[in-house]
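Chemist: target_35.cif is reproduced below (mmCIF, C-alpha atoms and all ligand atoms; chains and numbers go by the auth columns).
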data_protein
loop_
_atom_site.group_PDB
_atom_site.id
_atom_site.type_symbol
_atom_site.label_atom_id
_atom_site.label_comp_id
_atom_site.label_asym_id
_atom_site.label_seq_id
_atom_site.Cartn_x
_atom_site.Cartn_y
_atom_site.Cartn_z
_atom_site.B_iso_or_equiv
_atom_site.auth_seq_id
_atom_site.auth_asym_id
ATOM 1 C CA MET A 1 57.417 48.436 36.018 0.00 1 A
ATOM 2 C CA THR A 2 58.693 47.140 32.686 0.00 2 A
ATOM 3 C CA LYS A 3 58.182 43.484 33.627 0.00 3 A
ATOM 4 C CA ARG A 4 54.994 41.995 34.995 0.00 4 A
ATOM 5 C CA TYR A 5 56.514 41.280 38.395 0.00 5 A
ATOM 6 C CA ARG A 6 58.971 43.106 40.631 0.00 6 A
ATOM 7 C CA LEU A 7 60.535 41.170 43.514 0.00 7 A
ATOM 8 C CA HIS A 8 61.910 43.079 46.492 0.00 8 A
ATOM 9 C CA TYR A 9 64.559 40.758 47.815 0.00 9 A
ATOM 10 C CA ALA A 10 67.627 40.291 49.947 0.00 10 A
ATOM 11 C CA PRO A 11 69.993 37.378 49.275 0.00 11 A
ATOM 12 C CA ASP A 12 69.002 34.138 50.993 0.00 12 A
ATOM 13 C CA ASN A 13 65.946 35.775 52.583 0.00 13 A
ATOM 14 C CA ALA A 14 62.368 34.516 52.248 0.00 14 A
ATOM 15 C CA SER A 15 62.332 36.252 48.858 0.00 15 A
ATOM 16 C CA LEU A 16 64.436 33.305 47.632 0.00 16 A
ATOM 17 C CA VAL A 17 61.319 31.131 47.705 0.00 17 A
ATOM 18 C CA ILE A 18 59.484 33.581 45.458 0.00 18 A
ATOM 19 C CA ARG A 19 62.441 33.832 43.081 0.00 19 A
ATOM 20 C CA LEU A 20 62.410 30.029 42.749 0.00 20 A
ATOM 21 C CA ALA A 21 58.673 30.001 42.040 0.00 21 A
ATOM 22 C CA LEU A 22 59.000 32.738 39.400 0.00 22 A
ATOM 23 C CA GLU A 23 61.864 30.840 37.786 0.00 23 A
ATOM 24 C CA GLU A 24 59.892 27.574 37.797 0.00 24 A
ATOM 25 C CA LEU A 25 56.920 29.357 36.245 0.00 25 A
ATOM 26 C CA GLY A 26 59.127 30.947 33.579 0.00 26 A
ATOM 27 C CA GLN A 27 57.840 34.405 34.462 0.00 27 A
ATOM 28 C CA ALA A 28 59.920 37.492 33.707 0.00 28 A
ATOM 29 C CA TYR A 29 60.599 39.632 36.768 0.00 29 A
ATOM 30 C CA GLU A 30 62.689 42.549 37.920 0.00 30 A
ATOM 31 C CA THR A 31 64.461 42.531 41.252 0.00 31 A
ATOM 32 C CA VAL A 32 64.985 45.345 43.727 0.00 32 A
ATOM 33 C CA LEU A 33 67.662 44.720 46.339 0.00 33 A
ATOM 34 C CA VAL A 34 66.547 45.589 49.868 0.00 34 A
ATOM 35 C CA ASN A 35 69.631 46.744 51.755 0.00 35 A
ATOM 36 C CA ARG A 36 69.227 44.939 55.056 0.00 36 A
ATOM 37 C CA GLN A 37 72.367 46.441 56.573 0.00 37 A
ATOM 38 C CA ALA A 38 70.751 49.861 56.124 0.00 38 A
ATOM 39 C CA GLN A 39 67.442 48.342 57.365 0.00 39 A
ATOM 40 C CA VAL A 40 65.661 49.550 54.261 0.00 40 A
ATOM 41 C CA GLN A 41 62.850 47.076 54.988 0.00 41 A
ATOM 42 C CA ARG A 42 61.864 49.359 57.874 0.00 42 A
ATOM 43 C CA SER A 43 61.808 52.546 55.777 0.00 43 A
ATOM 44 C CA ALA A 44 58.592 54.417 55.050 0.00 44 A
ATOM 45 C CA ALA A 45 58.943 53.686 51.333 0.00 45 A
ATOM 46 C CA TYR A 46 59.219 49.938 51.941 0.00 46 A
ATOM 47 C CA ARG A 47 56.445 49.940 54.545 0.00 47 A
ATOM 48 C CA ALA A 48 54.187 51.480 51.926 0.00 48 A
ATOM 49 C CA LEU A 49 54.549 48.121 50.154 0.00 49 A
ATOM 50 C CA ASN A 50 54.559 45.949 53.281 0.00 50 A
ATOM 51 C CA PRO A 51 53.558 47.699 56.519 0.00 51 A
ATOM 52 C CA ASN A 52 55.103 44.796 58.464 0.00 52 A
ATOM 53 C CA GLY A 53 58.576 45.717 57.218 0.00 53 A
ATOM 54 C CA LEU A 54 59.406 42.182 56.083 0.00 54 A
ATOM 55 C CA ILE A 55 60.956 40.722 52.941 0.00 55 A
ATOM 56 C CA PRO A 56 59.644 39.643 50.451 0.00 56 A
ATOM 57 C CA VAL A 57 57.301 41.903 48.572 0.00 57 A
ATOM 58 C CA LEU A 58 56.196 40.967 45.084 0.00 58 A
ATOM 59 C CA GLU A 59 54.733 43.817 43.054 0.00 59 A
ATOM 60 C CA THR A 60 52.099 42.396 40.728 0.00 60 A
ATOM 61 C CA PRO A 61 49.606 43.869 38.274 0.00 61 A
ATOM 62 C CA ASP A 62 47.057 43.446 41.120 0.00 62 A
ATOM 63 C CA GLY A 63 49.176 45.413 43.607 0.00 63 A
ATOM 64 C CA PRO A 64 52.012 44.640 46.025 0.00 64 A
ATOM 65 C CA MET A 65 51.828 41.301 47.813 0.00 65 A
ATOM 66 C CA PHE A 66 53.548 40.212 51.000 0.00 66 A
ATOM 67 C CA GLU A 67 53.586 36.974 53.026 0.00 67 A
ATOM 68 C CA THR A 68 55.546 34.241 51.315 0.00 68 A
ATOM 69 C CA ALA A 69 52.808 31.599 51.288 0.00 69 A
ATOM 70 C CA ALA A 70 50.172 34.031 50.036 0.00 70 A
ATOM 71 C CA ILE A 71 52.436 35.035 47.154 0.00 71 A
ATOM 72 C CA LEU A 72 53.201 31.379 46.373 0.00 72 A
ATOM 73 C CA LEU A 73 49.548 30.386 46.326 0.00 73 A
ATOM 74 C CA TRP A 74 48.578 33.405 44.245 0.00 74 A
ATOM 75 C CA LEU A 75 51.341 32.733 41.694 0.00 75 A
ATOM 76 C CA ALA A 76 50.485 29.028 41.458 0.00 76 A
ATOM 77 C CA ASP A 77 46.796 29.748 40.928 0.00 77 A
ATOM 78 C CA ARG A 78 47.393 32.611 38.518 0.00 78 A
ATOM 79 C CA HIS A 79 49.732 30.557 36.342 0.00 79 A
ATOM 80 C CA GLY A 80 48.084 27.157 36.817 0.00 80 A
ATOM 81 C CA ALA A 81 51.229 25.313 37.950 0.00 81 A
ATOM 82 C CA LEU A 82 53.230 24.246 41.019 0.00 82 A
ATOM 83 C CA ALA A 83 50.095 23.412 43.049 0.00 83 A
ATOM 84 C CA PRO A 84 46.997 21.233 42.673 0.00 84 A
ATOM 85 C CA HIS A 85 44.191 23.037 40.870 0.00 85 A
ATOM 86 C CA VAL A 86 41.403 24.427 43.049 0.00 86 A
ATOM 87 C CA ASP A 87 39.066 21.612 41.862 0.00 87 A
ATOM 88 C CA SER A 88 41.592 18.824 42.416 0.00 88 A
ATOM 89 C CA ASP A 89 41.100 16.201 45.126 0.00 89 A
ATOM 90 C CA GLN A 90 44.756 16.919 46.020 0.00 90 A
ATOM 91 C CA ARG A 91 44.013 20.515 46.939 0.00 91 A
ATOM 92 C CA ALA A 92 42.915 19.953 50.571 0.00 92 A
ATOM 93 C CA GLY A 93 46.085 18.135 51.554 0.00 93 A
ATOM 94 C CA PHE A 94 48.270 20.654 49.771 0.00 94 A
ATOM 95 C CA LEU A 95 46.605 23.632 51.461 0.00 95 A
ATOM 96 C CA LYS A 96 46.847 22.271 54.971 0.00 96 A
ATOM 97 C CA TRP A 97 50.582 21.666 54.699 0.00 97 A
ATOM 98 C CA LEU A 98 51.248 24.942 52.891 0.00 98 A
ATOM 99 C CA PHE A 99 49.545 26.819 55.718 0.00 99 A
ATOM 100 C CA PHE A 100 51.428 24.719 58.263 0.00 100 A
ATOM 101 C CA ALA A 101 54.717 25.557 56.533 0.00 101 A
ATOM 102 C CA SER A 102 53.866 29.231 56.796 0.00 102 A
ATOM 103 C CA ASN A 103 52.086 29.765 60.070 0.00 103 A
ATOM 104 C CA THR A 104 53.870 27.144 62.183 0.00 104 A
ATOM 105 C CA LEU A 105 57.171 25.996 60.636 0.00 105 A
ATOM 106 C CA HIS A 106 58.295 29.407 59.375 0.00 106 A
ATOM 107 C CA ALA A 107 56.920 31.168 62.454 0.00 107 A
ATOM 108 C CA ASP A 108 58.838 28.788 64.748 0.00 108 A
ATOM 109 C CA LEU A 109 61.959 29.338 62.672 0.00 109 A
ATOM 110 C CA ARG A 110 61.654 33.091 63.163 0.00 110 A
ATOM 111 C CA ILE A 111 61.526 32.553 66.945 0.00 111 A
ATOM 112 C CA LEU A 112 64.709 30.444 66.750 0.00 112 A
ATOM 113 C CA PHE A 113 66.412 33.225 64.777 0.00 113 A
ATOM 114 C CA HIS A 114 65.185 36.152 66.878 0.00 114 A
ATOM 115 C CA PRO A 115 64.364 34.926 70.412 0.00 115 A
ATOM 116 C CA GLU A 116 64.951 38.442 71.784 0.00 116 A
ATOM 117 C CA ARG A 117 61.867 39.647 69.934 0.00 117 A
ATOM 118 C CA TYR A 118 59.715 37.127 71.789 0.00 118 A
ATOM 119 C CA ILE A 119 61.270 36.743 75.250 0.00 119 A
ATOM 120 C CA GLY A 120 63.517 39.783 75.747 0.00 120 A
ATOM 121 C CA THR A 121 67.222 40.141 76.398 0.00 121 A
ATOM 122 C CA ASN A 122 67.830 37.542 79.141 0.00 122 A
ATOM 123 C CA LEU A 123 70.356 35.156 77.569 0.00 123 A
ATOM 124 C CA THR A 124 69.425 32.143 79.714 0.00 124 A
ATOM 125 C CA GLN A 125 65.803 32.504 78.692 0.00 125 A
ATOM 126 C CA GLN A 126 66.788 32.946 75.053 0.00 126 A
ATOM 127 C CA HIS A 127 68.881 29.767 75.263 0.00 127 A
ATOM 128 C CA GLU A 128 65.932 27.831 76.707 0.00 128 A
ATOM 129 C CA LEU A 129 63.531 29.188 74.087 0.00 129 A
ATOM 130 C CA ARG A 130 65.931 28.173 71.327 0.00 130 A
ATOM 131 C CA ARG A 131 66.203 24.661 72.807 0.00 131 A
ATOM 132 C CA ILE A 132 62.417 24.339 72.735 0.00 132 A
ATOM 133 C CA GLN A 133 62.225 25.716 69.213 0.00 133 A
ATOM 134 C CA ARG A 134 64.749 23.174 67.929 0.00 134 A
ATOM 135 C CA GLN A 135 62.618 20.372 69.379 0.00 135 A
ATOM 136 C CA ARG A 136 59.492 21.844 67.821 0.00 136 A
ATOM 137 C CA LEU A 137 61.149 22.198 64.431 0.00 137 A
ATOM 138 C CA HIS A 138 62.389 18.601 64.547 0.00 138 A
ATOM 139 C CA THR A 139 58.842 17.391 65.309 0.00 139 A
ATOM 140 C CA HIS A 140 57.410 19.502 62.479 0.00 140 A
ATOM 141 C CA LEU A 141 59.953 18.181 59.973 0.00 141 A
ATOM 142 C CA SER A 142 59.332 14.583 61.069 0.00 142 A
ATOM 143 C CA ASN A 143 55.591 15.054 60.559 0.00 143 A
ATOM 144 C CA ILE A 144 56.074 16.616 57.133 0.00 144 A
ATOM 145 C CA ASP A 145 58.423 13.801 56.165 0.00 145 A
ATOM 146 C CA THR A 146 55.811 11.247 57.220 0.00 146 A
ATOM 147 C CA ALA A 147 53.165 13.087 55.187 0.00 147 A
ATOM 148 C CA ALA A 148 55.496 12.894 52.197 0.00 148 A
ATOM 149 C CA SER A 149 55.540 9.076 52.466 0.00 149 A
ATOM 150 C CA GLN A 150 51.937 9.134 51.287 0.00 150 A
ATOM 151 C CA LYS A 151 53.151 9.934 47.761 0.00 151 A
ATOM 152 C CA THR A 152 51.062 12.928 46.803 0.00 152 A
ATOM 153 C CA THR A 153 51.543 15.087 43.720 0.00 153 A
ATOM 154 C CA TRP A 154 52.475 18.158 45.785 0.00 154 A
ATOM 155 C CA LEU A 155 54.990 17.052 48.425 0.00 155 A
ATOM 156 C CA CYS A 156 58.370 15.612 47.441 0.00 156 A
ATOM 157 C CA ALA A 157 56.941 14.355 44.131 0.00 157 A
ATOM 158 C CA ASP A 158 58.863 14.163 40.855 0.00 158 A
ATOM 159 C CA GLU A 159 57.784 17.661 39.835 0.00 159 A
ATOM 160 C CA PRO A 160 58.141 20.378 42.491 0.00 160 A
ATOM 161 C CA SER A 161 55.296 22.321 44.080 0.00 161 A
ATOM 162 C CA VAL A 162 55.479 25.728 45.703 0.00 162 A
ATOM 163 C CA LEU A 163 55.383 23.859 49.016 0.00 163 A
ATOM 164 C CA ASP A 164 58.550 21.938 48.089 0.00 164 A
ATOM 165 C CA LEU A 165 60.317 25.201 47.222 0.00 165 A
ATOM 166 C CA TYR A 166 59.270 26.747 50.524 0.00 166 A
ATOM 167 C CA LEU A 167 60.338 23.709 52.568 0.00 167 A
ATOM 168 C CA ALA A 168 63.713 23.392 50.818 0.00 168 A
ATOM 169 C CA CYS A 169 64.563 27.012 51.653 0.00 169 A
ATOM 170 C CA GLN A 170 63.502 26.575 55.262 0.00 170 A
ATOM 171 C CA LEU A 171 65.671 23.445 55.536 0.00 171 A
ATOM 172 C CA ARG A 172 68.568 25.488 54.176 0.00 172 A
ATOM 173 C CA TRP A 173 68.051 28.263 56.725 0.00 173 A
ATOM 174 C CA MET A 174 67.803 25.789 59.613 0.00 174 A
ATOM 175 C CA ALA A 175 71.156 24.296 58.606 0.00 175 A
ATOM 176 C CA LEU A 176 72.842 27.730 58.367 0.00 176 A
ATOM 177 C CA TYR A 177 71.307 29.994 60.990 0.00 177 A
ATOM 178 C CA PRO A 178 71.470 31.398 63.542 0.00 178 A
ATOM 179 C CA LEU A 179 75.201 31.953 63.199 0.00 179 A
ATOM 180 C CA GLY A 180 77.179 31.056 66.309 0.00 180 A
ATOM 181 C CA CYS A 181 74.460 28.744 67.696 0.00 181 A
ATOM 182 C CA ASP A 182 74.178 24.974 67.823 0.00 182 A
ATOM 183 C CA ARG A 183 72.902 23.720 64.493 0.00 183 A
ATOM 184 C CA SER A 184 74.056 20.112 64.890 0.00 184 A
ATOM 185 C CA TRP A 185 70.444 19.058 65.528 0.00 185 A
ATOM 186 C CA MET A 186 69.591 19.695 61.863 0.00 186 A
ATOM 187 C CA VAL A 187 70.579 16.512 60.054 0.00 187 A
ATOM 188 C CA LEU A 188 68.745 16.398 56.752 0.00 188 A
ATOM 189 C CA ALA A 189 69.142 12.608 56.485 0.00 189 A
ATOM 190 C CA GLN A 190 66.747 12.261 59.437 0.00 190 A
ATOM 191 C CA TYR A 191 64.004 13.295 57.019 0.00 191 A
ATOM 192 C CA PRO A 192 64.582 10.965 54.030 0.00 192 A
ATOM 193 C CA ASN A 193 61.725 12.227 51.853 0.00 193 A
ATOM 194 C CA LEU A 194 62.729 15.847 52.368 0.00 194 A
ATOM 195 C CA HIS A 195 66.351 14.891 51.722 0.00 195 A
ATOM 196 C CA ALA A 196 65.412 13.261 48.410 0.00 196 A
ATOM 197 C CA MET A 197 63.329 16.314 47.493 0.00 197 A
ATOM 198 C CA CYS A 198 66.327 18.584 48.111 0.00 198 A
ATOM 199 C CA ASN A 199 68.533 16.382 45.939 0.00 199 A
ATOM 200 C CA LYS A 200 66.006 16.575 43.091 0.00 200 A
ATOM 201 C CA LEU A 201 65.559 20.324 43.406 0.00 201 A
ATOM 202 C CA GLU A 202 69.286 20.926 43.114 0.00 202 A
ATOM 203 C CA LEU A 203 69.141 19.557 39.556 0.00 203 A
ATOM 204 C CA ARG A 204 66.607 22.143 38.408 0.00 204 A
ATOM 205 C CA ALA A 205 67.317 25.170 36.261 0.00 205 A
ATOM 206 C CA SER A 206 65.333 27.360 38.676 0.00 206 A
ATOM 207 C CA VAL A 207 67.769 26.512 41.446 0.00 207 A
ATOM 208 C CA SER A 208 70.799 27.152 39.208 0.00 208 A
ATOM 209 C CA ALA A 209 69.410 30.604 38.383 0.00 209 A
ATOM 210 C CA ALA A 210 68.845 31.394 42.059 0.00 210 A
ATOM 211 C CA ARG A 211 72.284 30.048 42.993 0.00 211 A
ATOM 212 C CA CYS A 212 73.913 32.470 40.535 0.00 212 A
ATOM 213 C CA ALA A 213 71.742 35.444 41.469 0.00 213 A
ATOM 214 C CA GLU A 214 72.204 35.024 45.212 0.00 214 A
ATOM 215 C CA GLY A 215 75.579 33.228 45.520 0.00 215 A
ATOM 216 C CA LEU A 216 74.153 30.104 47.138 0.00 216 A
ATOM 217 C CA GLY A 217 76.883 27.608 46.237 0.00 217 A
ATOM 218 C CA ALA A 218 76.673 24.236 44.501 0.00 218 A
ATOM 219 C CA THR A 219 74.451 22.363 46.968 0.00 219 A
ATOM 220 C CA PRO A 220 72.171 25.013 48.476 0.00 220 A
ATOM 221 C CA PHE A 221 69.786 22.550 50.138 0.00 221 A
ATOM 222 C CA THR A 222 71.629 19.293 50.810 0.00 222 A
ATOM 223 C CA SER A 223 74.902 20.811 52.032 0.00 223 A
ATOM 224 C CA PRO A 224 74.467 24.565 52.268 0.00 224 A
ATOM 225 C CA PHE A 225 77.129 27.195 52.809 0.00 225 A
ATOM 226 C CA LEU A 226 76.607 30.817 53.739 0.00 226 A
ATOM 227 C CA ALA A 227 75.604 32.825 50.688 0.00 227 A
ATOM 228 C CA LYS A 228 78.258 34.899 48.916 0.00 228 A
ATOM 229 C CA PRO A 229 75.951 37.133 46.906 0.00 229 A
ATOM 230 C CA PRO A 230 77.144 39.339 44.066 0.00 230 A
ATOM 231 C CA GLU A 231 75.235 42.202 45.710 0.00 231 A
ATOM 232 C CA GLY A 232 73.655 42.808 49.084 0.00 232 A
ATOM 233 C CA SER A 233 73.854 40.741 52.250 0.00 233 A
ATOM 234 C CA PRO A 234 71.575 38.154 53.855 0.00 234 A
ATOM 235 C CA THR A 235 71.250 40.009 57.181 0.00 235 A
HETATM 236 N N1 LIG B . 55.768 35.867 57.560 0.00 301 B
HETATM 237 C C1 LIG B . 56.690 36.472 56.629 0.00 301 B
HETATM 238 C C2 LIG B . 58.084 36.314 57.189 0.00 301 B
HETATM 239 C C3 LIG B . 59.127 36.923 56.257 0.00 301 B
HETATM 240 C C4 LIG B . 60.467 37.099 56.966 0.00 301 B
HETATM 241 O O1 LIG B . 60.747 36.487 58.022 0.00 301 B
HETATM 242 N N2 LIG B . 61.328 37.934 56.370 0.00 301 B
HETATM 243 C C5 LIG B . 62.615 38.230 56.945 0.00 301 B
HETATM 244 C C6 LIG B . 63.724 37.870 55.976 0.00 301 B
HETATM 245 S S1 LIG B . 63.820 36.121 55.724 0.00 301 B
HETATM 246 C C7 LIG B . 62.738 39.710 57.181 0.00 301 B
HETATM 247 O O2 LIG B . 62.204 40.498 56.422 0.00 301 B
HETATM 248 N N3 LIG B . 63.476 40.099 58.214 0.00 301 B
HETATM 249 C C8 LIG B . 63.753 41.471 58.466 0.00 301 B
HETATM 250 C C9 LIG B . 63.362 41.894 59.819 0.00 301 B
HETATM 251 O O3 LIG B . 62.878 41.050 60.610 0.00 301 B
HETATM 252 O O4 LIG B . 63.559 43.075 60.110 0.00 301 B
HETATM 253 C C10 LIG B . 56.571 35.839 55.257 0.00 301 B
HETATM 254 O O5 LIG B . 56.182 34.681 55.185 0.00 301 B
HETATM 255 O O6 LIG B . 56.840 36.508 54.253 0.00 301 B
#
As structure tokens, what does this structure read like?
Modeler:
Amino acid sequence: MTKRYRLHYAPDNASLVIRLALEELGQAYETVLVNRQAQVQRSAAYRALNPNGLIPVLETPDGPMFETAAILLWLADRHGALAPHVDSDQRAGFLKWLFFASNTLHADLRILFHPERYIGTNLTQQHELRRIQRQRLHTHLSNIDTAASQKTTWLCADEPSVLDLYLACQLRWMALYPLGCDRSWMVLAQYPNLHAMCNKLELRASVSAARCAEGLGATPFTSPFLAKPPEGSPT
């Protein structure tokens, strides 16, 4: 590895969150495209990095890391930015919502995207599960938006946190996927603090870099279009 970090990514996948964090931190990194159409994430070589066969993996001087939130927290702590310091009185609030974003919001999003993995092939049951997931996601976003009204340093503040980056990407994915399904429920303006956060993020150099690298279009969070990446494909 010639750079300190190597990001295994696919365009517009969860690796996008890590790219944004690396860009915000000004860290040099190499990228390795994971060919999703060839299902490279399930190969033995990739599973040696992440036995769960999921993107992203970030190779670090301390070894390969997987799980988006774990990588985000590790990067923020290692570089002393994008999150409240471990001694800060802001840390408790930040951690609870970061874990919520990972183990509930993102997990519920995965069920919306892949209901067959959770309930099998019956289309009526998949439809019902998706309906429930949309309701759950709306409740989660409303609660996060309310939390953001409390004006912390780490949620929708003037300077972004790793949590903001993670939430903005998840908002993007909810607006775009799954293809061919009802996505009219996802109206960003229903969550005014999150909406304002997305507007602010779109002005940042980190987002411009990610837009170019992954073909995300001009307004990747407030009015997203399907990615047209220079290489690779999102699914
Ligand atoms: N819990 C994982 C979820 C990552 C995830 O959902 N990755 C997706 C891409 S966005 C993936 O690798 N999908 C490939 C597959 O399911 O085979 C994390 O936070 O990193």
Chemist: Using Å and a single decimal, report how far CA of Ala107 (chain A) sits from CA of Leu194 (chain A).
Modeler: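 According to the coordinates, CA of Leu194 (chain A) and CA of Ala107 (chain A) are separated by 19.2 Å.
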Chemist: Let me have the centre and edge lengths in Å, one decimal, of the box along x, y and z around every listed atom of ligand LIG 301 (chain B) with 8 Å of margin on each side, as AutoDock Vina command-line options.
Modeler:
--center_x 59.8 --center_y 38.9 --center_z 57.4 --size_x 24.1 --size_y 24.4 --size_z 22.4
Chemist: List all protein, DNA and RNA residues that have at least one atom no more than 7 Å from any atom of ligand LIG 301 (chain B), counting only C-alpha atoms and all ligand atoms, and write them as a list in words.
Modeler: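 Taking only C-alpha atoms and all ligand atoms into account, the residues around ligand LIG 301 (chain B) at most 7 Å away are Asn13, Ala14, Gln41, Arg42, Gly53, Leu54, Ile55, Pro56, Phe66, Glu67, Thr68, Ala69, Ser102, Ala107 and Arg110 of chain A.
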Chemist: For C-alpha atoms, I'd like the residues from the last selection saved as a CSV table (one decimal), in the coordinates of the input.
Modeler:
chain,number,residue,atom,x,y,z
A,13,ASN,CA,65.9,35.8,52.6
A,14,ALA,CA,62.4,34.5,52.2
A,41,GLN,CA,62.8,47.1,55.0
A,42,ARG,CA,61.9,49.4,57.9
A,53,GLY,CA,58.6,45.7,57.2
A,54,LEU,CA,59.4,42.2,56.1
A,55,ILE,CA,61.0,40.7,52.9
A,56,PRO,CA,59.6,39.6,50.5
A,66,PHE,CA,53.5,40.2,51.0
A,67,GLU,CA,53.6,37.0,53.0
A,68,THR,CA,55.5,34.2,51.3
A,69,ALA,CA,52.8,31.6,51.3
A,102,SER,CA,53.9,29.2,56.8
A,107,ALA,CA,56.9,31.2,62.5
A,110,ARG,CA,61.7,33.1,63.2
Chemist: Counting all atoms listed in the file, which residue out of A:His195, A:His114, A:Arg36, A:Lys151 sits closest to Tyr177 (chain A)?
Modeler: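 Smallest separation from Tyr177 (chain A) among the options: A:His114.
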Chemist: Give me the result of the PyMOL selection byres (((chain A and resi 63) around 12) and not hetatm) on this file, residue by residue, as a list of chain:residue names.
Modeler: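 Matching residues under the PyMOL selection byres (((chain A and resi 63) around 12) and not hetatm) are A:Met1, A:Arg4, A:Tyr5, A:Arg6, A:Ala48, A:Leu49, A:Asn50, A:Val57, A:Leu58, A:Glu59, A:Thr60, A:Pro61, A:Asp62, A:Pro64, A:Met65, A:Phe66, A:Ile71.
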Chemist: Would you save the residues of that selection, restricted to C-alpha atoms, as a PDB file, in the coordinates of the input?
Modeler:
ATOM      1  CA  MET A   1      57.417  48.436  36.018  1.00  0.00           C
ATOM      2  CA  ARG A   4      54.994  41.995  34.995  1.00  0.00           C
ATOM      3  CA  TYR A   5      56.514  41.280  38.395  1.00  0.00           C
ATOM      4  CA  ARG A   6      58.971  43.106  40.631  1.00  0.00           C
ATOM      5  CA  ALA A  48      54.187  51.480  51.926  1.00  0.00           C
ATOM      6  CA  LEU A  49      54.549  48.121  50.154  1.00  0.00           C
ATOM      7  CA  ASN A  50      54.559  45.949  53.281  1.00  0.00           C
ATOM      8  CA  VAL A  57      57.301  41.903  48.572  1.00  0.00           C
ATOM      9  CA  LEU A  58      56.196  40.967  45.084  1.00  0.00           C
ATOM     10  CA  GLU A  59      54.733  43.817  43.054  1.00  0.00           C
ATOM     11  CA  THR A  60      52.099  42.396  40.728  1.00  0.00           C
ATOM     12  CA  PRO A  61      49.606  43.869  38.274  1.00  0.00           C
ATOM     13  CA  ASP A  62      47.057  43.446  41.120  1.00  0.00           C
ATOM     14  CA  PRO A  64      52.012  44.640  46.025  1.00  0.00           C
ATOM     15  CA  MET A  65      51.828  41.301  47.813  1.00  0.00           C
ATOM     16  CA  PHE A  66      53.548  40.212  51.000  1.00  0.00           C
ATOM     17  CA  ILE A  71      52.436  35.035  47.154  1.00  0.00           C
TER      18      ILE A  71
END
Chemist: Using all atoms listed in the file, find the one residue out of A:Asn35, A:Asn103, A:Gln170, A:Thr235 that sits nearest to Val17 (chain A).
Modeler: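 Using all atoms listed in the file, the shortest distance to Val17 (chain A) belongs to A:Gln170.
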Chemist: Applying 7 Å and all atoms listed in the file, which residues near region 210-226 of chain A remain after dropping the ones on its own chain fewer than 2 positions away? List them as a PDB file with C-alpha atoms, in the frame of the given file.
Modeler:
ATOM      1  CA  PRO A  11      69.993  37.378  49.275  1.00  0.00           C
ATOM      2  CA  ASP A  12      69.002  34.138  50.993  1.00  0.00           C
ATOM      3  CA  ARG A  19      62.441  33.832  43.081  1.00  0.00           C
ATOM      4  CA  LEU A  20      62.410  30.029  42.749  1.00  0.00           C
ATOM      5  CA  ALA A 168      63.713  23.392  50.818  1.00  0.00           C
ATOM      6  CA  LEU A 171      65.671  23.445  55.536  1.00  0.00           C
ATOM      7  CA  ARG A 172      68.568  25.488  54.176  1.00  0.00           C
ATOM      8  CA  LEU A 176      72.842  27.730  58.367  1.00  0.00           C
ATOM      9  CA  HIS A 195      66.351  14.891  51.722  1.00  0.00           C
ATOM     10  CA  CYS A 198      66.327  18.584  48.111  1.00  0.00           C
ATOM     11  CA  ASN A 199      68.533  16.382  45.939  1.00  0.00           C
ATOM     12  CA  GLU A 202      69.286  20.926  43.114  1.00  0.00           C
ATOM     13  CA  SER A 206      65.333  27.360  38.676  1.00  0.00           C
ATOM     14  CA  VAL A 207      67.769  26.512  41.446  1.00  0.00           C
ATOM     15  CA  SER A 208      70.799  27.152  39.208  1.00  0.00           C
ATOM     16  CA  LYS A 228      78.258  34.899  48.916  1.00  0.00           C
ATOM     17  CA  PRO A 229      75.951  37.133  46.906  1.00  0.00           C
ATOM     18  CA  PRO A 230      77.144  39.339  44.066  1.00  0.00           C
TER      19      PRO A 230
END
Chemist: Go through A:Leu137, A:His127, A:Leu105, A:Gly93 and flag the residue nearest Thr152 (chain A), using all atoms listed in the file for the distances.
Modeler: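 When distances to Thr152 (chain A) are compared using all atoms listed in the file, the smallest one comes from A:Gly93.
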Chemist: List the spatial neighbours of Asp158 (chain A) as a list in words - criterion: any atom at most 12 Å away, all atoms listed in the file, same-chain residues fewer than 6 positions off excluded.
Modeler: Leu82, Ala148, Lys151, Thr152, Asp164, Asn193, Ala196, Met197, Cys198, Asn199, Lys200, Leu201, Leu203 and Arg204 of chain A
Chemist: Convert the current residue selection to file output with C-alpha atoms, as a short mmCIF file (atom, residue, chain, number, x, y, z; two decimals), keeping the file's coordinate frame.
Modeler:
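Written file, again15.cif:
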data_model
loop_
_atom_site.label_atom_id
_atom_site.label_comp_id
_atom_site.auth_asym_id
_atom_site.auth_seq_id
_atom_site.Cartn_x
_atom_site.Cartn_y
_atom_site.Cartn_z
CA LEU A 82 53.23 24.25 41.02
CA ALA A 148 55.50 12.89 52.20
CA LYS A 151 53.15 9.93 47.76
CA THR A 152 51.06 12.93 46.80
CA ASP A 164 58.55 21.94 48.09
CA ASN A 193 61.72 12.23 51.85
CA ALA A 196 65.41 13.26 48.41
CA MET A 197 63.33 16.31 47.49
CA CYS A 198 66.33 18.58 48.11
CA ASN A 199 68.53 16.38 45.94
CA LYS A 200 66.01 16.58 43.09
CA LEU A 201 65.56 20.32 43.41
CA LEU A 203 69.14 19.56 39.56
CA ARG A 204 66.61 22.14 38.41
#
Chemist: Got a sec: who's within 12 Å of Gln150 (chain A), counting all atoms listed in the file, leaving out chain neighbours fewer than 6 positions off, as a list in words?
Modeler: Gln90, Gly93, Asn143, Ile144, Cys156, Ala157 and Asn193 of chain A
Chemist: Between A:Trp185, A:Tyr9, A:Tyr191, A:Tyr166, which residue has the minimum interatomic distance to Ala101 (chain A), considering only C-alpha atoms?
Modeler: A:Tyr166
